[in-house]
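See structure below.
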Amino acid sequence: MHEVGIAASILESVEGEARRRPGERFEAVGVRIGELSNVDKDALEFAFEALTRNTPLAGLRLEVEWRPRRQRCLDCGKEFAVRELNLQCPVCGTDKTSCIGGTELDIAYLEVEEPCVKC
Amino acid sequence: MREVLEKKVLSENDRLAAELRQRYREEGILCVNIISSPGSGKTALLERTLASFHQGDSLAVLTGDLQTDNDARRLARYGFPVRQIVTGGTCHLDARMVTRHLDEMGFRGPGILFVENVGNLVCPSSYDLGEAAKIVLLSVTEGEDKPLKYPGIFHRASLMLLTKTDLLPHVEFNPQLALENARKIHPEIEFIAVSSRTREGFPEWLNWLNGLQKKVQAEAAATVS
């Protein structure tokens with residue numbers, strides 16, 4: 001239920017960008033969410049829509065890239081996505097792997113409307 | 001036209017948490033962020049923990065709840081500075097709340113700052129409070145599979161405290177299975193089983209705190225020199 005706060009933080013960043021770039025129109029904001037981030041995609045989308053409705057950012061799309069947990073093998077260096085909680089290296093079978101991804105909660109990009117070539 | 005932004009969603013919280021972390025390092029404060037479901041025994045653990053220290057030891061507690069100052073009143077009986085953070089509905093503590101209440105409380109290091117987060121296994125895990133360690137509590141009246149259901153917090157916690165172990169004879173709970181599940185998510189997580197009623201496991205828990213405090217103070221000394 002903290003997705004409302006997460007959505008509000010995303011929108012604060014977008015508003016900050018909007019102030020820095022007067023006259024530009026944003027079509028979408030892209031975020032990366034890792035499976036260990038404890039953010040529910042549906043709840044975030046719902047909160048985002050609710051918080052932008054009837055505001056200057058109404059209609060802004062939220063594009064969510066979902067990231068699985070990733071580990072790196074400390075023995076052979078193999079990097080792999082974790083499936084069904086199995087942290088073992090798929091190449092050499094060791095348990096000695098460390099987490100390198102899946103905790104993301106990042107704002108990756110803004111889609112800015114292309115300026116019209118005629119004007 | 002795609003414009004790359006690349007920033008943390010919670011960058012403002014992260015900035016304030018970094019300030020807190022710097023302050024803790026300079027003052028030699030060990031801050032631990034205690035997180036669990038509602039009713040897993042965070043406040044009871046803190047009561048028994050505070051009772052294990054001497055008057056005059058440098059300790060403070062910030063305790064978060066949606067409503068009431070019941071926990072602060074329970075904890076204030078032990079003679080150490082305690083402040084209630086009433087979030088008024090917010091399901092977690094953030095770095096801004098901690099900064100404000102720490103300033104108002106006027107606690108200075110060196111010492112230990114216990115932060116009792118709002119009872120919730122989900123949201124508090126996203127908000128860095130500048131702590132040296134997150135501690136997750138799981139009580140024996142819950143399910144052994146909680147680490148699998150709430151991997152985010154078990155992944156981030158340095159220590160898992162299994163609480164209410166005095167109830168083990170009365171419940172069907174397999175501590176070994178709970179630990180195995182936690183280590184599926186976080187192989188290096190440390191583990192101590194405690195009972196705040198009988199004090200079982202308290203020597204180990206206090207020893208763990210003491211070890212971390214020494215480490216933090218050695219870092220503080222290194223920062224000064």
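By convention here, the chains of the structure tokens are called A, B, ... in the order presented, each chain's residues are numbered starting at 1, and ligands are numbered starting at 1 in the order presented.
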Q: Would you give me, as a ChimeraX atom specification, the residues of chain A that come within 10 Å of chain B, using only C-alpha atoms?
A: /A:1-3,5-14,17,26-39,84-88,95-99,102-115
Q: as a count of residues only, list the residues of chain A assigned to helix (DSSP H, G or I) by DSSP on the backbone atoms of this structure.
A: 30
**Q.** Which residue of B:Gly106, B:Gly79, B:Gly39, B:Gly201 approaches Gln55 in chain B most closely, using only C-alpha atoms
**A.** B:Gly79
**Q.** Closest of A:Gly93, A:Pro22, A:Lys41, A:Leu60 to Cys73 in chain A - atom-to-atom distances counting only C-alpha atoms
**A.**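 For Cys73 in chain A, the nearest of the given residues is A:Gly93.
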Q. Closest to Asn117 in chain B among B:Asn207, B:Gly28, B:Val136, B:Glu104, using only C-alpha atoms?
A.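 Of the candidates, the smallest distance to Asn117 in chain B is held by B:Val136.
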Residue neighbourhood range 168-178 of chain B, 9 Å, only C-alpha atoms, exclusion window fewer than 3 positions, as an mmCIF file with C-alpha atoms, in the first residue's frame:
data_model
loop_
_atom_site.group_PDB
_atom_site.id
_atom_site.type_symbol
_atom_site.label_atom_id
_atom_site.label_comp_id
_atom_site.auth_asym_id
_atom_site.auth_seq_id
_atom_site.Cartn_x
_atom_site.Cartn_y
_atom_site.Cartn_z
ATOM 1 C CA LEU B 138 9.468 -13.525 12.688
ATOM 2 C CA VAL B 140 6.714 -18.664 15.990
ATOM 3 C CA THR B 141 2.970 -18.000 15.737
ATOM 4 C CA GLU B 142 3.422 -17.017 12.088
ATOM 5 C CA GLY B 143 4.179 -19.316 9.158
ATOM 6 C CA GLU B 144 7.621 -20.712 8.357
ATOM 7 C CA ASP B 145 7.083 -19.595 4.767
ATOM 8 C CA LYS B 146 6.959 -15.877 5.545
ATOM 9 C CA PRO B 147 10.477 -15.320 4.161
ATOM 10 C CA LEU B 162 12.891 -15.673 15.648
ATOM 11 C CA LYS B 164 8.333 -15.921 21.069
ATOM 12 C CA THR B 165 10.310 -19.170 21.241
ATOM 13 C CA ASN B 181 13.410 -20.468 3.835
ATOM 14 C CA ALA B 182 15.099 -17.226 4.904
ATOM 15 C CA ARG B 183 18.441 -18.479 3.591
ATOM 16 C CA ALA B 193 16.092 -17.332 18.327
#
Q | Atomic separation - CA of Trp66 in chain A relative to CA of Cys92 in chain A, Å | A |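 Computed distance, CA of Cys92 in chain A to CA of Trp66 in chain A, equals 27.3 Å.
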**Q.** Spatial neighbours of Glu19 in chain B, 12 Å, only C-alpha atoms, chain gap at least 5 places, as JSON, numbers by chain
**A.** {"B": [12, 13, 14, 24, 25, 26, 95, 96, 98, 99, 128, 129, 130, 131]}
Save out the residues we just selected, C-alpha atoms, as an mmCIF file, in the first residue's frame.
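Written file, part.cif:
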data_model
loop_
_atom_site.group_PDB
_atom_site.id
_atom_site.type_symbol
_atom_site.label_atom_id
_atom_site.label_comp_id
_atom_site.auth_asym_id
_atom_site.auth_seq_id
_atom_site.Cartn_x
_atom_site.Cartn_y
_atom_site.Cartn_z
ATOM 1 C CA GLU B 12 14.897 12.235 -1.999
ATOM 2 C CA ASN B 13 14.560 9.655 0.785
ATOM 3 C CA ASP B 14 17.949 8.207 -0.173
ATOM 4 C CA TYR B 24 25.582 8.381 12.702
ATOM 5 C CA ARG B 25 29.116 7.762 11.502
ATOM 6 C CA GLU B 26 30.390 11.072 12.847
ATOM 7 C CA ALA B 95 14.200 9.230 6.505
ATOM 8 C CA ARG B 96 12.486 12.610 6.838
ATOM 9 C CA VAL B 98 13.469 9.969 11.515
ATOM 10 C CA THR B 99 15.510 13.141 10.960
ATOM 11 C CA ASP B 128 16.462 3.507 3.846
ATOM 12 C CA LEU B 129 16.668 5.206 7.249
ATOM 13 C CA GLY B 130 20.460 5.408 7.303
ATOM 14 C CA GLU B 131 20.629 2.394 9.593
#
Q: Go through chain A and collect every residue that DSSP, computed from the backbone, puts in strand (DSSP E); the answer should be as a ChimeraX atom specification.
A: /A:26-34,61-67,70-73,79-81,97-101,105-112
Q) In Å, with one decimal, what is the gap from CA of Arg21 in chain B to CA of Glu116 in chain B? A) 17.0 Å
